$ cat query39.txt   # compact mmCIF, C-alpha atoms and all ligand atoms
# COMPACT_ATOMS: atom_id res chain seq x y z
CA MET Q 1 1.91 39.03 -1.24
CA PRO Q 2 -0.61 36.22 -1.25
CA SER Q 3 -3.42 36.60 1.23
CA THR Q 4 -3.56 34.04 4.00
CA HIS Q 5 -7.00 35.29 5.07
CA THR Q 6 -9.19 33.39 2.72
CA THR Q 7 -12.33 31.40 3.36
CA THR Q 8 -11.26 28.87 0.75
CA ALA Q 9 -8.51 26.76 2.30
CA ILE Q 10 -7.88 24.49 -0.70
CA ASP Q 11 -8.49 25.76 -4.21
CA ALA Q 12 -7.49 23.43 -7.04
CA ASP Q 13 -8.34 24.18 -10.63
CA ASP Q 14 -8.45 21.52 -13.34
CA LEU Q 15 -5.56 19.43 -12.05
CA ARG Q 16 -4.12 16.94 -14.49
CA LYS Q 17 -1.21 14.59 -13.95
CA ARG Q 18 0.36 12.20 -16.41
CA TYR Q 19 3.07 9.66 -15.75
CA GLY Q 20 4.33 8.96 -19.27
CA SER Q 21 1.28 7.76 -21.16
CA GLU Q 22 -0.58 6.99 -17.91
CA VAL Q 23 -3.19 9.60 -16.93
CA ALA Q 24 -3.32 9.59 -13.12
CA LEU Q 25 -5.50 12.70 -12.76
CA ASP Q 26 -7.83 13.89 -15.44
CA GLY Q 27 -9.14 17.33 -14.53
CA VAL Q 28 -9.85 17.59 -10.81
CA SER Q 29 -11.09 20.83 -9.28
CA LEU Q 30 -11.65 21.34 -5.58
CA SER Q 31 -12.87 24.26 -3.53
CA ILE Q 32 -12.75 23.42 0.16
CA SER Q 33 -13.78 25.98 2.75
CA THR Q 34 -11.70 26.76 5.81
CA GLY Q 35 -12.57 24.51 8.74
CA THR Q 36 -14.02 21.70 6.63
CA VAL Q 37 -13.16 18.06 7.24
CA TYR Q 38 -13.08 16.71 3.69
CA GLY Q 39 -13.18 12.94 3.28
CA PHE Q 40 -11.40 11.93 0.10
CA LEU Q 41 -12.43 8.51 -1.12
CA GLY Q 42 -11.58 6.35 -4.07
CA PRO Q 43 -10.61 2.80 -4.96
CA ASN Q 44 -6.98 1.70 -5.23
CA GLY Q 45 -5.21 3.52 -8.03
CA ALA Q 46 -7.89 6.23 -8.36
CA GLY Q 47 -5.29 8.97 -7.88
CA LYS Q 48 -5.74 9.95 -4.22
CA THR Q 49 -2.06 10.00 -3.27
CA THR Q 50 -1.22 11.78 -6.51
CA THR Q 51 -3.82 14.43 -5.63
CA MET Q 52 -2.41 14.88 -2.14
CA ARG Q 53 1.11 15.24 -3.49
CA LEU Q 54 -0.08 17.95 -5.88
CA LEU Q 55 -2.09 19.73 -3.17
CA THR Q 56 0.93 19.82 -0.86
CA GLY Q 57 3.35 20.94 -3.55
CA LEU Q 58 5.38 17.72 -3.36
CA ALA Q 59 4.72 17.00 -7.04
CA ARG Q 60 3.96 19.30 -9.94
CA PRO Q 61 0.79 18.91 -11.98
CA SER Q 62 1.04 18.39 -15.75
CA SER Q 63 -1.45 21.27 -15.85
CA GLY Q 64 -3.74 23.10 -13.46
CA THR Q 65 -3.14 25.21 -10.37
CA VAL Q 66 -3.42 24.81 -6.61
CA ARG Q 67 -3.63 27.42 -3.90
CA VAL Q 68 -3.72 26.50 -0.24
CA CYS Q 69 -4.56 29.31 2.20
CA GLY Q 70 -4.17 31.65 -0.74
CA VAL Q 71 -0.59 30.52 -1.41
CA ASP Q 72 0.42 28.99 -4.73
CA VAL Q 73 1.75 25.58 -3.67
CA SER Q 74 4.72 25.85 -6.02
CA ASP Q 75 6.06 28.37 -3.46
CA ARG Q 76 7.12 25.68 -0.98
CA ARG Q 77 8.71 28.11 1.46
CA ALA Q 78 5.57 30.24 1.76
CA LEU Q 79 3.37 27.15 1.91
CA ALA Q 80 5.28 25.27 4.63
CA PRO Q 81 3.91 27.05 7.73
CA HIS Q 82 0.32 26.54 6.57
CA VAL Q 83 0.40 22.84 5.82
CA GLY Q 84 0.87 19.59 7.71
CA TYR Q 85 1.08 16.31 5.80
CA LEU Q 86 0.89 12.79 7.14
CA PRO Q 87 1.76 10.51 4.21
CA GLU Q 88 0.77 6.85 4.13
CA THR Q 89 4.35 5.88 4.93
CA PRO Q 90 5.48 8.58 7.33
CA PRO Q 91 9.11 9.66 7.45
CA LEU Q 92 10.48 8.76 10.90
CA TYR Q 93 14.08 8.25 11.95
CA GLU Q 94 13.97 4.83 13.53
CA GLU Q 95 17.12 5.50 15.56
CA PHE Q 96 15.52 8.55 17.21
CA SER Q 97 13.14 8.42 20.13
CA ALA Q 98 9.71 10.03 19.67
CA ARG Q 99 10.88 13.00 21.70
CA GLU Q 100 14.00 13.44 19.56
CA GLN Q 101 11.97 13.05 16.37
CA LEU Q 102 9.49 15.71 17.49
CA GLU Q 103 12.25 18.05 18.67
CA TYR Q 104 13.96 17.63 15.32
CA VAL Q 105 10.81 18.46 13.33
CA ALA Q 106 9.94 21.37 15.63
CA ASP Q 107 13.44 22.74 15.01
CA LEU Q 108 13.03 22.33 11.23
CA ARG Q 109 9.77 24.24 11.59
CA ASP Q 110 11.60 27.03 13.47
CA LEU Q 111 9.38 26.74 16.54
CA PRO Q 112 10.75 28.64 19.55
CA ALA Q 113 12.28 26.15 21.99
CA ASP Q 114 9.83 26.84 24.82
CA VAL Q 115 6.80 26.51 22.52
CA ALA Q 116 8.20 23.29 21.07
CA GLU Q 117 8.90 21.80 24.48
CA ALA Q 118 5.43 22.59 25.82
CA ARG Q 119 3.70 21.21 22.72
CA ILE Q 120 5.80 18.07 22.63
CA GLU Q 121 5.08 17.32 26.28
CA ARG Q 122 1.35 17.95 25.81
CA TYR Q 123 1.10 15.76 22.72
CA LEU Q 124 3.19 12.94 24.19
CA THR Q 125 0.76 12.84 27.10
CA GLU Q 126 -2.37 13.22 24.95
CA PHE Q 127 -1.28 10.41 22.65
CA GLU Q 128 -0.18 8.14 25.52
CA LEU Q 129 3.41 8.12 24.32
CA GLY Q 130 4.92 9.65 27.46
CA GLU Q 131 6.27 6.44 28.98
CA ASP Q 132 8.01 5.40 25.77
CA ALA Q 133 9.01 8.86 24.60
CA ASP Q 134 12.72 8.19 25.15
CA LYS Q 135 12.82 4.73 23.57
CA ARG Q 136 13.98 4.32 19.98
CA ILE Q 137 11.21 4.45 17.38
CA GLU Q 138 12.47 1.17 15.89
CA ALA Q 139 11.09 -0.55 19.00
CA TYR Q 140 7.63 1.04 18.64
CA SER Q 141 4.44 -0.69 17.55
CA LYS Q 142 2.69 0.47 14.37
CA GLY Q 143 0.22 2.45 16.46
CA MET Q 144 2.97 4.22 18.40
CA LYS Q 145 4.79 5.08 15.18
CA GLN Q 146 1.60 6.38 13.60
CA LYS Q 147 0.76 8.53 16.62
CA THR Q 148 4.31 9.95 16.59
CA ALA Q 149 3.97 10.69 12.88
CA PHE Q 150 0.57 12.33 13.41
CA VAL Q 151 2.00 14.59 16.11
CA GLN Q 152 4.94 15.53 13.90
CA SER Q 153 2.51 16.59 11.16
CA VAL Q 154 0.67 18.96 13.51
CA ILE Q 155 3.54 20.19 15.70
CA HIS Q 156 3.60 23.62 13.97
CA ASP Q 157 -0.19 24.02 14.28
CA PRO Q 158 -0.91 24.07 10.54
CA ASP Q 159 -3.98 25.70 8.99
CA VAL Q 160 -4.55 22.75 6.67
CA LEU Q 161 -3.84 19.15 7.54
CA PHE Q 162 -3.49 16.47 4.85
CA LEU Q 163 -3.86 12.94 6.19
CA ASP Q 164 -3.32 9.83 4.08
CA GLU Q 165 -4.88 6.77 5.72
CA PRO Q 166 -4.16 8.04 9.27
CA THR Q 167 -5.95 5.19 11.08
CA SER Q 168 -5.10 2.30 8.77
CA GLY Q 169 -3.86 -0.75 10.66
CA LEU Q 170 -4.38 0.83 14.08
CA ASP Q 171 -6.14 -0.80 16.99
CA PRO Q 172 -9.46 0.79 18.04
CA ARG Q 173 -7.93 2.81 20.87
CA ALA Q 174 -5.18 4.35 18.74
CA ALA Q 175 -7.64 4.94 15.87
CA ARG Q 176 -10.07 6.66 18.20
CA ARG Q 177 -7.30 8.88 19.57
CA ILE Q 178 -6.53 10.07 16.05
CA ARG Q 179 -10.21 10.47 15.12
CA GLU Q 180 -10.79 12.58 18.23
CA SER Q 181 -7.77 14.65 17.41
CA ILE Q 182 -9.01 15.28 13.86
CA LEU Q 183 -12.31 16.53 15.30
CA ALA Q 184 -10.52 18.71 17.84
CA PHE Q 185 -8.40 20.29 15.12
CA ALA Q 186 -11.48 20.87 13.01
CA ASP Q 187 -13.24 22.50 16.00
CA SER Q 188 -10.36 24.91 16.33
CA GLY Q 189 -10.69 25.92 12.66
CA THR Q 190 -8.12 23.64 11.00
CA THR Q 191 -9.09 22.35 7.57
CA VAL Q 192 -8.58 18.60 7.29
CA PHE Q 193 -8.19 16.74 4.00
CA LEU Q 194 -8.55 13.08 4.87
CA SER Q 195 -7.88 10.29 2.42
CA THR Q 196 -8.96 6.88 3.63
CA HIS Q 197 -10.56 3.61 2.64
CA ILE Q 198 -12.15 3.30 6.07
CA LEU Q 199 -15.63 4.61 5.37
CA PRO Q 200 -16.89 4.62 8.99
CA VAL Q 201 -14.06 7.05 9.78
CA VAL Q 202 -15.28 9.35 7.04
CA GLU Q 203 -18.86 9.00 8.25
CA ALA Q 204 -17.70 9.87 11.78
CA VAL Q 205 -15.70 12.98 10.98
CA ALA Q 206 -16.30 14.39 7.48
CA ASP Q 207 -18.45 17.44 6.68
CA GLU Q 208 -17.97 16.87 2.99
CA VAL Q 209 -16.80 13.97 0.85
CA GLY Q 210 -15.33 13.68 -2.60
CA VAL Q 211 -15.13 10.41 -4.49
CA LEU Q 212 -12.33 9.98 -6.99
CA TYR Q 213 -12.56 7.33 -9.69
CA GLU Q 214 -10.05 6.82 -12.47
CA GLY Q 215 -8.57 10.27 -11.94
CA ARG Q 216 -11.90 12.12 -11.91
CA LEU Q 217 -14.04 13.44 -9.11
CA VAL Q 218 -17.30 11.56 -9.66
CA ALA Q 219 -19.25 12.65 -6.58
CA GLU Q 220 -18.93 15.43 -4.07
CA GLY Q 221 -21.00 16.95 -1.29
CA ALA Q 222 -22.19 16.36 2.27
CA PRO Q 223 -22.01 12.63 3.12
CA GLU Q 224 -25.83 12.39 3.32
CA ALA Q 225 -26.19 14.14 -0.04
CA VAL Q 226 -23.68 11.87 -1.77
CA THR Q 227 -25.40 8.87 -0.25
CA SER Q 228 -28.87 9.94 -1.38
CA ARG Q 229 -27.70 11.05 -4.84
CA ALA Q 230 -26.21 7.65 -5.39
CA GLU Q 231 -29.74 6.23 -5.00
CA THR Q 232 -28.40 3.44 -2.92
CA GLY Q 233 -31.74 2.19 -1.72
CA GLU Q 234 -33.00 1.96 1.82
CA SER Q 235 -29.75 1.08 3.54
CA GLY Q 236 -28.16 4.18 2.00
CA SER Q 237 -24.73 3.86 3.57
CA LEU Q 238 -21.66 5.71 2.37
CA GLU Q 239 -20.25 2.32 1.43
CA ASP Q 240 -23.21 1.71 -0.89
CA ALA Q 241 -22.73 5.15 -2.43
CA PHE Q 242 -19.00 4.56 -2.82
CA LEU Q 243 -19.60 1.25 -4.59
CA ALA Q 244 -22.29 2.79 -6.79
CA VAL Q 245 -20.21 5.73 -8.03
CA THR Q 246 -17.05 3.70 -8.52
CA SER Q 247 -18.57 0.75 -10.34
CA GLY Q 248 -17.93 2.34 -13.72
CA GLU Q 249 -21.52 1.74 -14.73
CA SER Q 250 -23.66 3.77 -12.36
CA GLU Q 251 -25.94 6.58 -13.43
CA VAL Q 252 -25.97 8.57 -10.26
CA ALA Q 253 -28.14 11.64 -10.49
CA GLY Q 254 -27.40 15.28 -9.70
CA ALA Q 255 -23.95 15.46 -8.22
CA GLY Q 256 -23.91 19.21 -7.94
CA GLU Q 257 -20.51 20.84 -8.16
CA THR Q 258 -17.98 18.11 -8.76
CA GLY Q 259 -15.36 20.15 -10.52
CA GLY Q 260 -13.80 19.82 -13.93
CA GLY Q 261 -13.92 16.45 -15.57
CA SER Q 262 -16.71 15.08 -13.43
CA GLU Q 263 -19.33 13.00 -15.00
CA GLY Q 264 -22.02 10.51 -14.37
CA VAL Q 265 -23.06 11.74 -10.95
N1 LIG Q 301 5.47 7.88 -9.68
C1 LIG Q 301 4.61 7.27 -10.50
N2 LIG Q 301 5.00 6.81 -11.70
C2 LIG Q 301 4.12 6.22 -12.54
N3 LIG Q 301 2.83 6.02 -12.27
C3 LIG Q 301 2.37 6.45 -11.07
C4 LIG Q 301 3.24 7.09 -10.14
N4 LIG Q 301 2.49 7.41 -9.04
C5 LIG Q 301 1.24 6.99 -9.29
N5 LIG Q 301 1.17 6.40 -10.51
C6 LIG Q 301 -0.04 5.85 -11.14
O1 LIG Q 301 -1.08 6.81 -11.01
C7 LIG Q 301 -2.31 6.18 -10.69
C8 LIG Q 301 -2.85 6.76 -9.39
O2 LIG Q 301 -2.01 6.34 -8.32
P1 LIG Q 301 -2.22 6.83 -6.82
O3 LIG Q 301 -1.12 6.24 -5.99
O4 LIG Q 301 -2.37 8.31 -6.79
O5 LIG Q 301 -3.62 6.16 -6.45
P2 LIG Q 301 -4.32 5.99 -5.02
O6 LIG Q 301 -5.75 6.36 -5.23
O7 LIG Q 301 -3.58 6.74 -3.97
O8 LIG Q 301 -4.19 4.43 -4.79
P3 LIG Q 301 -4.13 3.58 -3.40
O9 LIG Q 301 -5.47 3.71 -2.75
O10 LIG Q 301 -3.88 2.20 -3.90
O11 LIG Q 301 -3.00 4.12 -2.57
C9 LIG Q 301 -2.03 4.68 -10.61
O12 LIG Q 301 -2.37 4.12 -11.86
C10 LIG Q 301 -0.54 4.62 -10.40
O13 LIG Q 301 0.00 3.44 -10.94

$ encode --input "query39.txt" --output "structure tokens" --more "lines below"
Ligand SMILES: Nc1ncnc2c1ncn2[C@@H]1O[C@H](COP(=O)(O)OP(=O)(O)OP(=O)(O)O)[C@@H](O)[C@H]1O
Amino acid sequence: MPSTHTTTAIDADDLRKRYGSEVALDGVSLSISTGTVYGFLGPNGAGKTTTMRLLTGLARPSSGTVRVCGVDVSDRRALAPHVGYLPETPPLYEEFSAREQLEYVADLRDLPADVAEARIERYLTEFELGEDADKRIEAYSKGMKQKTAFVQSVIHDPDVLFLDEPTSGLDPRAARRIRESILAFADSGTTVFLSTHILPVVEAVADEVGVLYEGRLVAEGAPEAVTSRAETGESGSLEDAFLAVTSGESEVAGAGETGGGSEGV
């Protein structure tokens, strides 16, 4: 039996993914400790969504292995209780209400009815969805849909949470609600793998960042370390570092451990 008591929550070794002749991922290794909030950055087309799909077992790598909480992700049944995934376009049944959607997912997750009911009520209140909880999702704003989708991804209290652009397009209040929730989950020991283009969000919540560029991890470490390694000058923001390591021409010094296929950092 695979051990679920591991201090490495996400362990990916030399992941490669091809689509025909297109190389989407070119040797990515990750070792992310339990309880880390990992900010996963990269320009459009770098391979972030592909990586998340491999890490959650939704797609198979061309080569390489992934274990999450000690479980080989090809074992979807064993993996399911450990992982929550909020994709960029979340699956919601528009004809359901938020309450029905959450009850449905809780049932799929085999949560006992009383646990499900208590969690759903708590989250609906926390995410300010209570008043609209019985309206159809098709009538919801983008923020309400996103909050419903976020709750559905955490309803089973996963050990590792994968979030793809969770605050994109949200107003400041809804975005803050989700940011605060990410921090609360991290405080309680949940590992969070957060892919986003919104660098201030990463700066606000991430313990560690990884920058993907053309299918390779080109920088990795604490946000301050990545920023200083990128030699971004006095302003030294994460945005400067991001632009430096994804320009295709930077010579960024001393990346430390960036996994297989890394270069130039
Ligand atoms: N199903 C697919 N079939 C063919 N090519 C694909 C497929 N999925 C992704 N790709 C290609 O793989 C590369 C990486 O795509 P991916 O969606 O992972 O990037 P991304 O970093 O998530 O981009 P974005 O920030 O724009 O969402 C791109 O060149 C893309 O065209």

$ residues_around --input "query39.txt" --residues "Leu86 in chain Q" --least-positions-apart "2" --cutoff "7 Å" --atoms "all atoms listed in the file" --output "tab-separated table (two decimals) with C-alpha atoms, in the frame of the given file"
chain	number	residue	atom	x	y	z
Q	84	GLY	CA	0.87	19.59	7.71
Q	88	GLU	CA	0.77	6.85	4.13
Q	90	PRO	CA	5.48	8.58	7.33
Q	149	ALA	CA	3.97	10.69	12.88
Q	150	PHE	CA	0.57	12.33	13.41
Q	153	SER	CA	2.51	16.59	11.16
Q	162	PHE	CA	-3.49	16.47	4.85
Q	163	LEU	CA	-3.86	12.94	6.19
Q	164	ASP	CA	-3.32	9.83	4.08

$ atom_distance --input "query39.txt" --atom1 "CA of Ser31 in chain Q" --atom2 "CA of Ala9 in chain Q"
7.7 Å

$ residues_near_ligand --input "query39.txt" --ligand "ligand LIG 301 (chain Q)" --cutoff "7 Å" --atoms "all atoms listed in the file" --output "ChimeraX atom specification"
/Q:19,22-24,42-51

$ residues_around --input "query39.txt" --residues "Glu103 in chain Q" --least-positions-apart "3" --cutoff "12 Å" --atoms "all atoms listed in the file" --output "PyMOL selection string"
chain Q and resi 96-100+106-121+124+133-134+148+151-152+155-156

$ write_last_selection --input "query39.txt" --atoms "C-alpha atoms" --output "tab-separated table (two decimals), in the frame of the given file"
chain	number	residue	atom	x	y	z
Q	96	PHE	CA	15.52	8.55	17.21
Q	97	SER	CA	13.14	8.42	20.13
Q	98	ALA	CA	9.71	10.03	19.67
Q	99	ARG	CA	10.88	13.00	21.70
Q	100	GLU	CA	14.00	13.44	19.56
Q	106	ALA	CA	9.94	21.37	15.63
Q	107	ASP	CA	13.44	22.74	15.01
Q	108	LEU	CA	13.03	22.33	11.23
Q	109	ARG	CA	9.77	24.24	11.59
Q	110	ASP	CA	11.60	27.03	13.47
Q	111	LEU	CA	9.38	26.74	16.54
Q	112	PRO	CA	10.75	28.64	19.55
Q	113	ALA	CA	12.28	26.15	21.99
Q	114	ASP	CA	9.83	26.84	24.82
Q	115	VAL	CA	6.80	26.51	22.52
Q	116	ALA	CA	8.20	23.29	21.07
Q	117	GLU	CA	8.90	21.80	24.48
Q	118	ALA	CA	5.43	22.59	25.82
Q	119	ARG	CA	3.70	21.21	22.72
Q	120	ILE	CA	5.80	18.07	22.63
Q	121	GLU	CA	5.08	17.32	26.28
Q	124	LEU	CA	3.19	12.94	24.19
Q	133	ALA	CA	9.01	8.86	24.60
Q	134	ASP	CA	12.72	8.19	25.15
Q	148	THR	CA	4.31	9.95	16.59
Q	151	VAL	CA	2.00	14.59	16.11
Q	152	GLN	CA	4.94	15.53	13.90
Q	155	ILE	CA	3.54	20.19	15.70
Q	156	HIS	CA	3.60	23.62	13.97

$ closest_residue --input "query39.txt" --among "Q:Gly20, Q:Gly57, Q:Pro81, Q:Gly130" --to "Val160 in chain Q" --atoms "all atoms listed in the file"
Q:Pro81

$ closest_residue --input "query39.txt" --among "Q:Asp132, Q:Val154, Q:Met144, Q:Ser168" --to "Leu102 in chain Q" --atoms "all atoms listed in the file"
Q:Val154

$ closest_residue --input "query39.txt" --among "Q:Asp26, Q:Glu239, Q:Glu224, Q:Glu138" --to "Leu92 in chain Q" --atoms "all atoms listed in the file"
Q:Glu138

$ closest_residue --input "query39.txt" --among "Q:Ser74, Q:Thr191, Q:Thr36, Q:Ser62" --to "Arg16 in chain Q" --atoms "all atoms listed in the file"
Q:Ser62

$ closest_residue --input "query39.txt" --among "Q:Leu170, Q:Ala222, Q:Leu217, Q:Ala78" --to "Glu203 in chain Q" --atoms "all atoms listed in the file"
Q:Ala222

$ atom_distance --input "query39.txt" --atom1 "CA of Arg53 in chain Q" --atom2 "CA of Phe193 in chain Q"
12.0 Å
